[in-house]
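Listing of start.csv; format and content: CSV, C-alpha atoms.
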```
chain,number,residue,atom,x,y,z
A,639,MET,CA,7.7,-45.2,60.9
A,640,PRO,CA,7.1,-46.3,64.5
A,641,LEU,CA,4.3,-44.6,66.4
A,642,ALA,CA,5.7,-42.2,69.0
A,643,LEU,CA,4.0,-42.7,72.3
A,644,ASP,CA,4.3,-40.3,75.2
A,645,ALA,CA,5.0,-42.5,78.3
A,646,VAL,CA,3.8,-39.8,80.7
A,647,ALA,CA,0.5,-39.4,78.8
A,648,LEU,CA,0.1,-43.2,78.9
A,649,ALA,CA,0.7,-43.3,82.6
A,650,VAL,CA,-1.7,-40.4,83.3
A,651,ALA,CA,-4.5,-41.6,81.1
A,652,PRO,CA,-5.8,-44.4,83.3
A,653,ALA,CA,-5.9,-42.1,86.3
A,654,ALA,CA,-7.8,-39.4,84.3
A,655,VAL,CA,-10.3,-42.0,83.2
A,656,LEU,CA,-10.9,-43.3,86.7
A,657,ASP,CA,-11.4,-39.7,87.9
A,658,LEU,CA,-14.5,-39.6,85.7
A,659,TRP,CA,-16.0,-42.7,87.3
A,660,PRO,CA,-18.7,-41.5,89.8
A,661,TRP,CA,-18.0,-44.2,92.5
A,662,PRO,CA,-15.2,-43.5,95.0
A,663,LEU,CA,-12.4,-45.9,94.1
A,664,LEU,CA,-9.2,-46.6,96.1
A,665,VAL,CA,-6.1,-48.7,95.4
A,666,LEU,CA,-4.5,-49.6,98.7
A,667,HIS,CA,-1.8,-51.8,100.2
A,668,ALA,CA,-3.1,-54.5,102.6
A,669,ASP,CA,-2.1,-52.2,105.5
A,670,GLY,CA,-4.3,-49.4,104.2
A,671,THR,CA,-1.5,-47.3,102.7
A,672,ALA,CA,-3.1,-45.4,99.7
A,673,LEU,CA,-1.6,-45.7,96.3
A,674,PHE,CA,-4.4,-44.1,94.3
A,675,ALA,CA,-7.8,-42.4,95.0
A,676,ASN,CA,-10.0,-41.1,92.2
A,677,ALA,CA,-11.6,-37.7,92.4
A,678,SER,CA,-14.8,-39.1,94.0
A,679,ALA,CA,-12.7,-41.0,96.6
A,680,ARG,CA,-10.6,-37.9,97.4
A,681,ARG,CA,-13.8,-35.9,98.0
A,682,ALA,CA,-15.3,-38.6,100.2
A,683,LEU,CA,-12.1,-38.9,102.3
A,684,GLU,CA,-11.9,-35.1,102.8
A,685,ARG,CA,-15.5,-35.1,104.1
A,686,GLY,CA,-15.1,-38.3,106.2
A,687,ARG,CA,-17.9,-39.8,104.1
A,688,GLY,CA,-18.6,-43.4,105.0
A,689,GLY,CA,-16.7,-43.1,108.2
A,690,LEU,CA,-13.3,-43.2,106.4
A,691,GLY,CA,-10.5,-40.7,106.7
A,692,VAL,CA,-6.8,-40.3,106.0
A,693,GLU,CA,-4.0,-40.5,108.6
A,694,GLY,CA,-0.7,-39.7,106.9
A,695,SER,CA,-0.6,-42.0,103.9
A,696,GLN,CA,-3.1,-44.5,105.3
A,697,VAL,CA,-6.8,-44.7,104.8
A,698,ALA,CA,-8.5,-45.8,108.0
A,699,PRO,CA,-12.0,-45.8,109.6
A,700,LEU,CA,-12.7,-42.8,111.8
A,701,ALA,CA,-14.3,-45.1,114.4
A,702,ASP,CA,-11.7,-47.1,116.3
A,703,GLU,CA,-14.0,-50.1,116.7
A,704,ALA,CA,-14.2,-50.5,112.9
A,705,ARG,CA,-10.4,-50.7,112.4
A,706,PRO,CA,-10.0,-54.5,113.0
A,707,ARG,CA,-12.8,-55.3,110.5
A,708,TRP,CA,-11.3,-52.9,108.0
A,709,LEU,CA,-7.8,-54.4,108.2
A,710,ALA,CA,-9.1,-57.9,108.1
A,711,ALA,CA,-11.1,-57.1,104.9
A,712,LEU,CA,-8.0,-55.6,103.3
A,713,ARG,CA,-5.8,-58.6,104.3
A,714,ALA,CA,-8.5,-61.0,102.9
A,715,ALA,CA,-8.8,-59.1,99.7
A,716,ALA,CA,-5.0,-58.9,99.3
A,717,CYS,CA,-4.9,-62.7,99.6
A,718,GLY,CA,-7.4,-63.1,96.8
A,719,GLU,CA,-10.7,-63.2,98.7
A,720,PRO,CA,-13.1,-60.4,97.7
A,721,CYS,CA,-15.2,-59.1,100.6
A,722,LEU,CA,-17.6,-56.5,101.7
A,723,VAL,CA,-17.0,-54.4,104.9
A,724,ARG,CA,-19.5,-52.1,106.5
A,725,LEU,CA,-18.2,-49.1,108.3
A,726,GLY,CA,-19.8,-46.6,110.7
A,727,ALA,CA,-22.1,-47.3,113.5
A,728,GLY,CA,-25.1,-45.3,112.3
A,729,GLY,CA,-26.4,-42.3,114.2
A,730,ALA,CA,-23.8,-39.5,114.0
A,731,ARG,CA,-21.5,-41.6,111.9
A,732,PRO,CA,-22.5,-42.3,108.3
A,733,VAL,CA,-22.8,-46.0,107.4
A,734,ALA,CA,-21.1,-47.2,104.2
A,735,SER,CA,-20.1,-50.4,102.5
A,736,LEU,CA,-16.7,-51.0,100.9
A,737,SER,CA,-16.3,-53.7,98.3
A,738,CYS,CA,-12.7,-54.9,98.5
A,739,ALA,CA,-11.1,-57.1,95.8
A,740,PRO,CA,-7.5,-58.0,94.9
A,741,ALA,CA,-6.0,-55.6,92.4
A,742,THR,CA,-3.1,-57.9,91.4
A,743,ARG,CA,-2.0,-61.4,92.2
A,744,GLY,CA,0.7,-61.8,94.8
A,745,ARG,CA,1.4,-58.1,95.2
A,746,GLY,CA,-0.8,-57.3,98.2
A,747,LEU,CA,-2.8,-54.6,96.4
A,748,VAL,CA,-6.5,-54.1,97.0
A,749,VAL,CA,-9.1,-52.1,95.0
A,750,CYS,CA,-11.9,-50.7,97.2
A,751,VAL,CA,-15.1,-49.1,96.0
A,752,LEU,CA,-17.0,-47.0,98.5
A,753,GLU,CA,-20.7,-47.5,98.3
A,754,GLY,CA,-22.7,-45.2,100.5
A,755,GLY,CA,-25.3,-45.3,103.1
A,756,GLU,CA,-28.3,-47.4,103.7
A,757,THR,CA,-28.4,-48.8,100.2
A,758,LEU,CA,-25.9,-51.6,101.1
A,759,VAL,CA,-24.5,-51.9,97.6
A,760,ALA,CA,-28.0,-51.8,96.2
A,761,SER,CA,-26.8,-51.1,92.7
A,762,ARG,CA,-24.4,-54.1,92.7
A,763,VAL,CA,-27.0,-56.4,94.1
A,764,ALA,CA,-29.6,-55.2,91.5
A,765,ALA,CA,-27.2,-56.0,88.7
A,766,TYR,CA,-26.4,-59.4,90.1
A,767,ALA,CA,-30.0,-60.3,90.8
A,768,ARG,CA,-31.0,-59.3,87.2
A,769,MET,CA,-28.2,-61.4,85.8
A,770,HIS,CA,-29.3,-64.5,87.7
A,771,GLY,CA,-33.0,-64.1,88.0
A,772,LEU,CA,-33.0,-63.7,91.8
A,773,THR,CA,-36.2,-62.5,93.5
A,774,ALA,CA,-36.2,-59.3,95.6
A,775,GLY,CA,-36.1,-61.4,98.8
A,776,GLU,CA,-33.3,-63.6,97.5
A,777,ALA,CA,-31.3,-60.5,96.6
A,778,GLN,CA,-31.9,-59.0,100.1
A,779,VAL,CA,-30.7,-62.2,101.7
A,780,LEU,CA,-27.6,-62.3,99.5
A,781,ALA,CA,-26.8,-58.7,100.3
A,782,ARG,CA,-27.0,-59.2,104.0
A,783,LEU,CA,-24.9,-62.4,103.9
A,784,ALA,CA,-22.3,-60.5,101.8
A,785,ALA,CA,-22.2,-57.8,104.5
A,786,GLY,CA,-21.2,-60.5,107.0
A,787,GLU,CA,-24.5,-61.1,108.7
A,788,SER,CA,-25.3,-64.7,110.0
A,789,VAL,CA,-28.3,-66.7,108.8
A,790,LYS,CA,-29.8,-66.2,112.2
A,791,ARG,CA,-29.5,-62.4,112.1
A,792,VAL,CA,-30.8,-62.3,108.5
A,793,ALA,CA,-33.8,-64.3,109.6
A,794,SER,CA,-34.4,-62.1,112.6
A,795,SER,CA,-34.2,-58.9,110.6
A,796,ARG,CA,-36.5,-60.2,108.0
A,797,GLY,CA,-39.0,-61.6,110.4
A,798,SER,CA,-38.7,-65.1,109.0
A,799,SER,CA,-37.3,-68.5,110.2
A,800,GLU,CA,-33.7,-69.6,109.8
A,801,ALA,CA,-35.1,-72.6,107.7
A,802,THR,CA,-36.7,-70.1,105.3
A,803,VAL,CA,-33.4,-68.2,104.9
A,804,ARG,CA,-31.5,-71.5,104.4
A,805,SER,CA,-34.0,-72.4,101.7
A,806,GLN,CA,-33.5,-69.1,100.0
A,807,VAL,CA,-29.7,-69.6,100.1
A,808,LYS,CA,-30.2,-73.0,98.4
A,809,THR,CA,-32.3,-71.3,95.7
A,810,ILE,CA,-29.6,-68.6,95.3
A,811,LEU,CA,-26.9,-71.2,94.8
A,812,ALA,CA,-29.0,-73.1,92.3
A,813,LYS,CA,-29.8,-70.0,90.2
A,814,THR,CA,-26.2,-68.7,90.2
A,815,GLY,CA,-24.6,-72.2,89.7
A,816,ARG,CA,-22.4,-71.7,92.8
A,817,HIS,CA,-21.4,-74.3,95.4
A,818,SER,CA,-21.4,-72.0,98.4
A,819,ILE,CA,-22.6,-68.6,99.5
A,820,ARG,CA,-19.0,-67.5,99.7
A,821,ASP,CA,-18.7,-68.2,95.9
A,822,ALA,CA,-21.9,-66.3,95.2
A,823,VAL,CA,-20.6,-63.3,97.3
A,824,THR,CA,-17.3,-63.4,95.4
A,825,ASP,CA,-19.4,-63.2,92.1
A,826,LEU,CA,-21.5,-60.4,93.6
A,827,LEU,CA,-18.4,-58.3,94.5
A,828,ARG,CA,-17.1,-58.7,90.9
A,829,CYS,CA,-20.3,-57.3,89.5
A,830,PRO,CA,-20.0,-53.6,88.6
A,831,PRO,CA,-22.4,-51.1,90.1
A,832,LEU,CA,-25.5,-50.7,87.9
A,833,LEU,CA,-26.4,-47.2,88.9
A,834,ASP,CA,-24.4,-44.1,89.6
A,835,PRO,CA,-24.2,-43.1,93.3
A,836,ASP,CA,-27.0,-40.6,93.3
A,837,GLU,CA,-29.4,-43.1,91.7
A,838,ALA,CA,-28.3,-45.9,94.0
A,839,SER,CA,-29.0,-43.7,97.0
A,840,ARG,CA,-32.6,-43.5,95.8
A,841,ALA,CA,-32.9,-47.2,95.1
A,842,PRO,CA,-35.5,-49.1,97.1
```
Take the structure in this file and express it as C-alpha cells.
Amino acid sequence: MPLALDAVALAVAPAAVLDLWPWPLLVLHADGTALFANASARRALERGRGGLGVEGSQVAPLADEARPRWLAALRAAACGEPCLVRLGAGGARPVASLSCAPATRGRGLVVCVLEGGETLVASRVAAYARMHGLTAGEAQVLARLAAGESVKRVASSRGSSEATVRSQVKTILAKTGRHSIRDAVTDLLRCPPLLDPDEASRAP
C-alpha cells in the first residue's frame, strides 16, 4: 500500500522548522521582494532591527544611504556570489550584518541571515576560525575584509601596517587552502553560525 502524504503538510513543514531557527532568515528576490521570513526575521523587521524594514512586499534598509549597498549585495548573491553587507550608520540606527547567498541557481533568489550589532558575524567567524586554525587576529582581519573593508582600513583600525595585514591574509589563505581572500570570504559565508543570537551578542 503506498504511503499517503499530505502535500500541504509537506509544504508547511520546512517553514515550521525554519521558524524554530533563532537567527532571522529571509528568502528574497534580487530586487528585495520578500518570499519568506522566519519568525525571528518577522520580529526583527517589525522592530526595524538592524536598520531593515518592509515597504509593501519589499525588504529595504531604513537609511536611504544604505540602499545601493543592499541592492548590490542582493544582485551579487543572486548571481552566485555570497557576500556580507553591513547596514546602519551606528548612533541612533542599529548596526547589523547580513550574510547573503544564492538560494537557487539561475532563479535570482537570495537567502539572507541577519546577524546583529557590533559582533560582526562573530559566531560565523568563530566557527570558521576553529575549522581552519586561524588565530584571533587572523579571524578579525578576515571578518573585516568580509565586511568590505580595504586592507588599508583594516590596518588603520588595528593599529598595524598594511604589510602586516597582507602577511596575515597570506597566512589565512595558506591555512584555508584558498587562492584569494574572495574565496575565503565565500567559505566563511557558507559556514553556519556557531552560537545562537543571544550568545553571539556576548561574544568577545
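Here atom CA of A:Val749 is placed at a distance of 9.0 Å from atom CA of A:His667.
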Contacts of stretch 776-790 of chain A at 7 Å (all atoms listed in the file; same-chain gap of 3+ positions) as a list in words: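 Final neighbour list, sorted by chain and number: Leu722, Val723, Arg724, Val763, Ala767, Leu772, Thr773, Ala793, Ser794, Glu800, Val803, Gln806, Ile810 and Val823 of chain A.
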For a test of reading the model, state the distance in Å between atom CA of A:Leu747 and atom CA of A:Val665, rounded to one decimal.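 According to the coordinates, atom CA of A:Leu747 and atom CA of A:Val665 are separated by 6.8 Å.
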One decimal, in Å: what's the spacing between atom CA of A:Pro699 and atom CA of A:Gly670? 10.1 Å
Residues near A:Glu719, anyone? I mean within 7 Å using all atoms listed in the file, not counting same-chain ones fewer than 3 positions away, as a list of chain:residue names.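 Here the qualifying residues turn out to be A:Ala714, A:Ala715, A:Ala739.
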Shell around A:Ala741 at 12 Å using only C-alpha atoms, local window under 6 positions removed, as a list in words: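 Here the answer would be Leu663, Leu664, Val665, Leu666, His667, Ala668, Leu673, Phe674, Leu712, Ala715, Ala716, Cys717, Gly718, Glu719, Pro720, Leu747, Val748, Val749, Cys750, Val751 and Arg828 of chain A.
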Compare A:Ala682, A:Leu709, A:Val807, A:Cys738 by their minimum atom-to-atom distance to A:Cys721, counting only C-alpha atoms, and give me the closest one.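 So, comparing all the options, the nearest one is A:Cys738.
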